[in-house]
$ cat work_4.cif   # mmCIF, C-alpha atoms and all ligand atoms
data_my_file
#
loop_
_atom_site.label_atom_id
_atom_site.label_comp_id
_atom_site.auth_asym_id
_atom_site.auth_seq_id
_atom_site.Cartn_x
_atom_site.Cartn_y
_atom_site.Cartn_z
CA MET A 2 -6.15 3.71 24.11
CA LEU A 3 -3.49 3.13 26.72
CA VAL A 4 -0.67 5.67 26.81
CA ILE A 5 2.48 4.47 28.54
CA ILE A 6 5.30 6.92 29.25
CA LYS A 7 8.77 5.45 29.70
CA GLU A 8 12.04 7.11 30.60
CA ASP A 9 13.89 6.78 27.30
CA TYR A 10 14.22 5.01 23.96
CA ASP A 11 15.58 1.76 25.42
CA ALA A 12 12.76 1.55 27.95
CA VAL A 13 10.18 2.14 25.17
CA SER A 14 11.77 -0.61 23.08
CA ALA A 15 11.85 -3.04 26.01
CA GLU A 16 8.22 -2.38 26.92
CA ALA A 17 7.11 -2.84 23.30
CA ALA A 18 9.10 -6.08 23.02
CA ARG A 19 7.55 -7.36 26.23
CA LEU A 20 4.04 -6.84 24.89
CA LEU A 21 4.84 -8.33 21.50
CA ALA A 22 6.63 -11.36 22.97
CA GLU A 23 3.69 -11.96 25.30
CA ARG A 24 1.27 -11.91 22.37
CA LEU A 25 3.51 -14.27 20.40
CA ARG A 26 3.80 -16.75 23.26
CA ASN A 27 0.01 -16.80 23.54
CA LYS A 28 -0.45 -17.21 19.80
CA PRO A 29 2.51 -18.80 17.98
CA ASN A 30 0.93 -18.18 14.57
CA LEU A 31 0.53 -14.46 15.24
CA VAL A 32 -0.09 -12.21 12.23
CA LEU A 33 2.21 -9.29 12.81
CA GLY A 34 2.13 -5.90 11.14
CA LEU A 35 5.61 -4.39 10.97
CA ALA A 36 6.96 -0.88 10.51
CA THR A 37 10.23 0.61 9.29
CA GLY A 38 12.03 3.75 10.49
CA SER A 39 14.46 4.48 13.31
CA THR A 40 11.86 4.08 16.04
CA PRO A 41 11.18 0.30 15.90
CA LEU A 42 14.89 -0.60 15.58
CA GLY A 43 15.25 -0.99 19.35
CA LEU A 44 12.15 -3.19 19.44
CA TYR A 45 13.59 -5.38 16.69
CA ARG A 46 16.96 -5.62 18.48
CA GLU A 47 15.19 -6.69 21.67
CA LEU A 48 13.09 -9.30 19.83
CA ILE A 49 16.23 -10.71 18.19
CA ARG A 50 17.78 -10.97 21.67
CA CYS A 51 14.67 -12.78 22.99
CA HIS A 52 14.86 -15.16 20.02
CA ARG A 53 18.54 -15.93 20.63
CA GLU A 54 18.52 -16.07 24.41
CA GLN A 55 15.03 -17.29 25.24
CA GLY A 56 14.09 -19.13 22.05
CA LEU A 57 11.23 -16.76 21.17
CA ASP A 58 9.79 -18.60 18.19
CA PHE A 59 8.78 -16.82 14.97
CA SER A 60 8.51 -19.95 12.81
CA LYS A 61 4.71 -19.77 12.51
CA VAL A 62 4.43 -15.98 12.36
CA THR A 63 3.10 -14.19 9.29
CA THR A 64 4.23 -10.60 8.74
CA PHE A 65 2.87 -7.69 6.73
CA ASN A 66 4.87 -4.51 6.39
CA LEU A 67 3.11 -1.19 6.26
CA ASP A 68 4.73 0.34 3.22
CA GLU A 69 7.43 0.49 0.56
CA TYR A 70 8.85 3.19 -1.71
CA VAL A 71 7.73 3.12 -5.33
CA GLY A 72 10.64 2.70 -7.74
CA LEU A 73 13.20 1.12 -5.40
CA PRO A 74 14.05 -2.52 -6.16
CA PRO A 75 13.89 -4.85 -3.14
CA ASP A 76 17.69 -5.07 -2.93
CA HIS A 77 18.16 -1.26 -2.99
CA GLU A 78 20.01 -0.09 0.12
CA GLN A 79 17.15 2.23 1.12
CA SER A 80 14.24 -0.02 0.22
CA TYR A 81 12.09 -1.15 3.10
CA HIS A 82 12.65 -4.73 1.97
CA ARG A 83 16.35 -4.32 2.64
CA PHE A 84 15.70 -2.49 5.89
CA MET A 85 13.48 -5.27 7.21
CA TRP A 86 15.75 -8.15 6.20
CA ASP A 87 18.89 -6.40 7.46
CA ASN A 88 17.45 -5.24 10.76
CA PHE A 89 15.04 -7.97 11.76
CA LEU A 90 13.71 -10.65 9.45
CA SER A 91 16.97 -12.49 8.76
CA HIS A 92 17.91 -12.55 12.46
CA VAL A 93 14.92 -14.56 13.69
CA ASN A 94 13.46 -17.85 12.49
CA LEU A 95 10.75 -16.37 10.27
CA ASP A 96 9.69 -18.39 7.26
CA PRO A 97 10.31 -16.13 4.21
CA ARG A 98 7.13 -17.52 2.64
CA TYR A 99 5.14 -15.84 5.42
CA VAL A 100 6.77 -12.43 4.98
CA HIS A 101 4.88 -9.75 3.05
CA ILE A 102 6.24 -6.36 2.05
CA PRO A 103 4.66 -4.29 -0.73
CA ASN A 104 6.69 -4.39 -3.93
CA GLY A 105 7.55 -0.89 -5.18
CA MET A 106 8.59 -2.18 -8.61
CA VAL A 107 5.32 -3.70 -9.81
CA ARG A 108 3.84 -2.41 -13.03
CA ASP A 109 0.23 -2.55 -11.94
CA ILE A 110 0.29 -0.90 -8.54
CA ALA A 111 -3.49 -0.90 -8.11
CA ALA A 112 -3.67 -4.69 -8.69
CA HIS A 113 -0.75 -5.21 -6.31
CA CYS A 114 -2.47 -3.18 -3.58
CA LYS A 115 -5.63 -5.20 -4.01
CA TRP A 116 -3.60 -8.42 -3.80
CA TYR A 117 -1.92 -7.15 -0.60
CA GLU A 118 -5.27 -6.51 1.05
CA GLU A 119 -6.42 -9.97 -0.01
CA ARG A 120 -3.31 -11.56 1.50
CA ILE A 121 -4.03 -9.83 4.82
CA ARG A 122 -7.60 -11.09 4.73
CA ALA A 123 -6.51 -14.61 3.78
CA ALA A 124 -4.12 -14.64 6.77
CA GLY A 125 -7.09 -13.95 9.04
CA GLY A 126 -6.30 -10.25 9.53
CA ILE A 127 -3.46 -8.62 11.46
CA ASP A 128 -3.33 -9.46 15.17
CA LEU A 129 -0.84 -6.79 16.24
CA GLN A 130 0.29 -3.84 14.17
CA VAL A 131 3.48 -1.97 15.09
CA LEU A 132 3.38 1.72 14.12
CA GLY A 133 5.71 4.71 14.16
CA ILE A 134 4.46 8.25 13.69
CA GLY A 135 5.79 10.98 11.44
CA ALA A 136 6.58 14.43 12.82
CA ASN A 137 3.68 15.56 10.60
CA GLY A 138 1.29 13.05 12.18
CA HIS A 139 1.40 10.43 9.44
CA ILE A 140 1.11 6.70 10.13
CA ALA A 141 2.74 4.44 7.61
CA PHE A 142 2.83 6.72 4.54
CA ASN A 143 -0.67 8.03 5.14
CA GLU A 144 0.24 11.68 4.90
CA PRO A 145 -1.89 14.49 6.37
CA GLY A 146 -5.16 14.68 4.45
CA SER A 147 -5.33 10.93 3.85
CA SER A 148 -8.81 9.50 3.95
CA LEU A 149 -9.42 7.97 7.36
CA GLY A 150 -11.07 5.01 5.65
CA SER A 151 -8.32 4.48 3.06
CA ARG A 152 -7.03 1.09 1.93
CA THR A 153 -3.63 -0.01 0.59
CA ARG A 154 -2.74 2.31 -2.29
CA VAL A 155 -0.08 4.61 -3.70
CA LYS A 156 0.49 7.94 -1.93
CA THR A 157 2.50 10.99 -2.90
CA LEU A 158 5.01 11.79 -0.17
CA THR A 159 4.90 15.28 1.30
CA ARG A 160 7.90 17.58 1.22
CA THR A 161 8.19 17.22 5.03
CA THR A 162 8.43 13.43 4.80
CA ARG A 163 10.92 13.58 1.93
CA ASP A 164 12.98 16.06 3.98
CA ASP A 165 12.84 13.74 7.01
CA ASN A 166 14.02 10.80 4.91
CA ALA A 167 16.61 12.70 2.85
CA ARG A 168 19.28 11.76 5.42
CA PHE A 169 19.30 8.23 3.98
CA PHE A 170 19.89 9.29 0.35
CA ALA A 171 22.90 10.90 -1.33
CA THR A 172 20.84 13.73 -2.82
CA PHE A 173 17.33 15.06 -2.20
CA ASP A 174 16.35 14.21 -5.79
CA GLU A 175 16.95 10.52 -5.06
CA VAL A 176 14.33 10.50 -2.27
CA PRO A 177 11.33 8.66 -3.75
CA ARG A 178 8.20 10.72 -4.41
CA TYR A 179 5.67 7.92 -4.04
CA ALA A 180 5.07 4.98 -1.78
CA ILE A 181 2.70 2.05 -1.52
CA THR A 182 1.13 2.11 1.91
CA MET A 183 -1.51 0.27 3.86
CA GLY A 184 -4.44 2.64 4.30
CA ILE A 185 -5.72 3.98 7.59
CA GLY A 186 -8.77 1.74 7.19
CA THR A 187 -6.45 -1.25 6.71
CA ILE A 188 -4.45 -0.37 9.82
CA MET A 189 -7.59 0.16 11.88
CA GLU A 190 -8.69 -3.41 11.16
CA ALA A 191 -5.68 -4.82 13.02
CA ARG A 192 -6.94 -6.29 16.29
CA GLU A 193 -4.35 -4.43 18.33
CA LEU A 194 -2.15 -1.40 17.65
CA LEU A 195 1.24 -0.61 19.14
CA LEU A 196 2.34 2.93 18.32
CA LEU A 197 5.86 3.92 19.36
CA ALA A 198 7.41 7.38 19.44
CA THR A 199 10.52 8.84 21.00
CA GLY A 200 12.24 12.21 21.01
CA GLU A 201 11.21 15.84 21.16
CA SER A 202 10.63 15.95 17.38
CA LYS A 203 7.58 13.70 17.88
CA ALA A 204 6.08 15.60 20.84
CA GLN A 205 3.63 17.70 18.83
CA ALA A 206 2.52 14.77 16.67
CA ILE A 207 1.93 12.65 19.78
CA HIS A 208 -0.04 15.44 21.40
CA ASP A 209 -2.16 15.89 18.27
CA ALA A 210 -2.69 12.14 17.81
CA VAL A 211 -3.56 11.36 21.43
CA GLU A 212 -5.22 14.54 22.70
CA GLY A 213 -6.11 16.51 19.60
CA PRO A 214 -9.33 16.30 17.61
CA LEU A 215 -9.78 13.36 15.28
CA MET A 216 -9.00 14.59 11.78
CA ALA A 217 -7.51 13.61 8.45
CA ARG A 218 -4.88 16.35 8.89
CA VAL A 219 -3.43 14.17 11.67
CA PRO A 220 -3.87 10.62 10.34
CA ALA A 221 -2.48 9.12 13.58
CA SER A 222 -5.39 10.67 15.52
CA MET A 223 -7.47 7.81 14.11
CA ILE A 224 -5.98 5.55 16.80
CA GLN A 225 -8.46 7.23 19.16
CA MET A 226 -11.13 5.20 17.38
CA HIS A 227 -9.38 1.86 17.89
CA GLY A 228 -10.62 -0.52 20.57
CA LEU A 229 -7.19 -1.77 21.64
CA ALA A 230 -4.36 0.66 20.98
CA HIS A 231 -1.19 1.12 23.01
CA VAL A 232 0.91 4.24 22.63
CA ILE A 233 4.36 3.82 24.16
CA VAL A 234 6.43 7.00 24.27
CA ASP A 235 9.48 8.34 26.05
CA ARG A 236 9.44 11.47 28.21
CA ALA A 237 10.55 13.72 25.36
CA ALA A 238 7.79 12.55 22.99
CA ALA A 239 5.29 12.85 25.87
CA SER A 240 6.39 16.37 26.79
CA ARG A 241 3.32 18.08 25.27
CA LEU A 242 0.74 15.69 26.68
CA THR A 243 -1.46 17.16 29.38
CA GLY A 244 -3.40 14.09 30.54
CA GLU A 245 -2.40 11.61 33.21
CA TYR A 246 -0.88 8.39 31.90
CA VAL A 247 0.64 5.16 33.19
CA SER A 248 4.29 4.23 33.15
CA SER A 249 4.09 0.48 32.76
CA LEU A 250 2.15 -2.24 31.05
CA GLU A 251 1.90 -3.93 34.43
CA GLU A 252 -0.88 -1.52 35.26
CA GLY A 253 -3.35 -3.44 33.18
CA THR A 254 -2.23 -4.00 29.64
CA LEU A 255 -0.85 -7.48 29.74
CA VAL A 256 -4.10 -8.78 31.13
CA ARG A 257 -6.06 -7.12 28.36
CA ARG A 258 -6.27 -9.24 25.28
CA PRO A 259 -7.17 -8.57 21.68
CA LEU A 260 -10.53 -9.79 20.45
CA GLY A 261 -10.47 -12.91 18.32
CA PRO A 262 -11.96 -12.97 14.82
CA GLY A 263 -15.71 -12.45 14.98
CA GLU A 264 -15.61 -11.17 18.58
CA ARG A 265 -15.80 -7.53 17.60
P1 LIG B 301 11.04 7.28 12.35
O1 LIG B 301 9.84 7.37 11.29
O2 LIG B 301 10.78 6.08 13.19
O3 LIG B 301 12.28 7.13 11.52
O4 LIG B 301 11.02 8.54 13.14
C1 LIG B 301 8.53 7.17 11.72
C2 LIG B 301 7.56 7.46 10.61
O5 LIG B 301 7.81 8.34 9.77
O6 LIG B 301 6.49 6.83 10.59
#

$ encode --input "work_4.cif" --output "structure tokens" --more "lines below"
Ligand code: PGA
Amino acid sequence: MLVIIKEDYDAVSAEAARLLAERLRNKPNLVLGLATGSTPLGLYRELIRCHREQGLDFSKVTTFNLDEYVGLPPDHEQSYHRFMWDNFLSHVNLDPRYVHIPNGMVRDIAAHCKWYEERIRAAGGIDLQVLGIGANGHIAFNEPGSSLGSRTRVKTLTRTTRDDNARFFATFDEVPRYAITMGIGTIMEARELLLLATGESKAQAIHDAVEGPLMARVPASMIQMHGLAHVIVDRAAASRLTGEYVSSLEEGTLVRRPLGPGER
């Protein structure tokens, strides 16, 4: 695990974009795991800029999003489908046929989750998975207590998560209660992880994930078990860390490379 502490949100976004763009240039048919939330917005903005100004090419990229609310149609303002198309997917040259986001409206959720896992496998697995972290230590919608070996499935959202997300809905009752989410086991199979966090509200979760014991109560602590994980945080999110960490990818990361299939 490489923890990189940057000055602020923009610097975190730029550093994350630099790593992702580097991976994409090395492998044009990258399989990319994507996340929603406020945190990766700066990364997406930066990638859109690289696409427009430097021709960063997404035409052969396959994407898999981490999660989606159950019960929200894809065109719902607060669905993660809408979020992804509005904030990233429609601004780069991604082929819509290669975009995967769980569908929160399916009747048979279990079959859909199984299909999602099969799609990831058929794509050769995820090369680089972008992750945020919840103030309660969740990754994707794997809430505290989630099995560390879990696969894509439906999860009940905690009150804390619904409170955090209530700002996007007119009333609290409209905040969905369930979500389809990649499991922690699914996420751990990505060849490389890129976890981003900014702001004081994430400081405890980052401390627990990076320096705390590994436990299901802090699902993000599982990144300690991953062979190639980068945690890029700003000073505020790093404020409860006690270890010594680097401030730039230059100090080693860009020369590290993810293992290819079968190299593990
Ligand atoms: P945020 O959400 O980026 O909006 O803070 C992150 C998360 O809950 O995983």

$ residues_near_point --input "work_4.cif" --point "(6.4, -3.2, -0.1)" --cutoff "9 Å" --atoms "all atoms listed in the file" --output "ChimeraX atom specification"
/A:65-71,75,80-82,101-106,180-182

$ axis_aligned_box --input "work_4.cif" --around "ligand LIG 301 (chain B)" --padding-each-side "6 Å" --output "lines of an AutoDock Vina configuration file"
center_x = 9.4
center_y = 7.3
center_z = 11.5
size_x = 17.8
size_y = 14.5
size_z = 15.4

$ closest_residue --input "work_4.cif" --among "A:Glu119, A:Glu201, A:Glu212, A:Glu245" --to "ligand LIG 301 (chain B)" --atoms "only C-alpha atoms and all ligand atoms"
A:Glu201

$ closest_atom_pairs --input "work_4.cif" --of "chain A" --to "ligand LIG 301 (chain B)" --cutoff "10 Å" --atoms "all atoms listed in the file" --output "Markdown table"
| residue | atom | partner | partner_atom | distance |
| --- | --- | --- | --- | --- |
| A:Ala36 | CA | B:LIG301 | O6 | 7.7 |
| A:Thr37 | CA | B:LIG301 | O2 | 6.7 |
| A:Gly38 | CA | B:LIG301 | O3 | 3.5 |
| A:Ser39 | CA | B:LIG301 | O3 | 3.9 |
| A:Thr40 | CA | B:LIG301 | O2 | 3.6 |
| A:Pro41 | CA | B:LIG301 | O2 | 6.4 |
| A:Leu42 | CA | B:LIG301 | O2 | 8.2 |
| A:Leu67 | CA | B:LIG301 | O6 | 9.7 |
| A:Asp68 | CA | B:LIG301 | O6 | 10.0 |
| A:Leu132 | CA | B:LIG301 | O6 | 6.9 |
| A:Gly133 | CA | B:LIG301 | O6 | 4.2 |
| A:Ile134 | CA | B:LIG301 | O6 | 4.0 |
| A:Gly135 | CA | B:LIG301 | O5 | 3.7 |
| A:Ala136 | CA | B:LIG301 | O5 | 6.9 |
| A:Asn137 | CA | B:LIG301 | O5 | 8.4 |
| A:Gly138 | CA | B:LIG301 | O6 | 8.3 |
| A:His139 | CA | B:LIG301 | O6 | 6.3 |
| A:Ile140 | CA | B:LIG301 | O6 | 5.4 |
| A:Ala141 | CA | B:LIG301 | O6 | 5.4 |
| A:Phe142 | CA | B:LIG301 | O6 | 7.1 |
| A:Asn143 | CA | B:LIG301 | O6 | 9.1 |
| A:Glu144 | CA | B:LIG301 | O5 | 9.6 |
| A:Thr162 | CA | B:LIG301 | O5 | 7.1 |
| A:Arg163 | CA | B:LIG301 | O5 | 9.9 |
| A:Asp165 | CA | B:LIG301 | O5 | 7.9 |
| A:Asn166 | CA | B:LIG301 | O3 | 7.8 |
| A:Leu196 | CA | B:LIG301 | O6 | 9.6 |
| A:Leu197 | CA | B:LIG301 | O2 | 8.2 |
| A:Ala198 | CA | B:LIG301 | O2 | 7.2 |
| A:Thr199 | CA | B:LIG301 | O4 | 7.9 |
| A:Gly200 | CA | B:LIG301 | O4 | 8.8 |
| A:Ser202 | CA | B:LIG301 | O4 | 8.5 |
| A:Lys203 | CA | B:LIG301 | O4 | 7.8 |
| A:Ala221 | CA | B:LIG301 | O6 | 9.7 |

$ residues_around --input "work_4.cif" --residues "Cys51 (chain A)" --least-positions-apart "2" --cutoff "12 Å" --atoms "all atoms listed in the file" --output "VMD selection string"
chain A and resid 15 18 to 19 21 to 23 25 to 26 44 to 49 53 to 59 92 to 94

$ atom_distance --input "work_4.cif" --atom1 "CA of Ala191 (chain A)" --atom2 "CA of His77 (chain A)"
28.9 Å

$ closest_residue --input "work_4.cif" --among "A:Thr153, A:Ser60, A:Ser91, A:Ser14" --to "Glu118 (chain A)" --atoms "all atoms listed in the file"
A:Thr153

$ atom_distance --input "work_4.cif" --atom1 "CA of Ser151 (chain A)" --atom2 "CA of Ile185 (chain A)"
5.2 Å
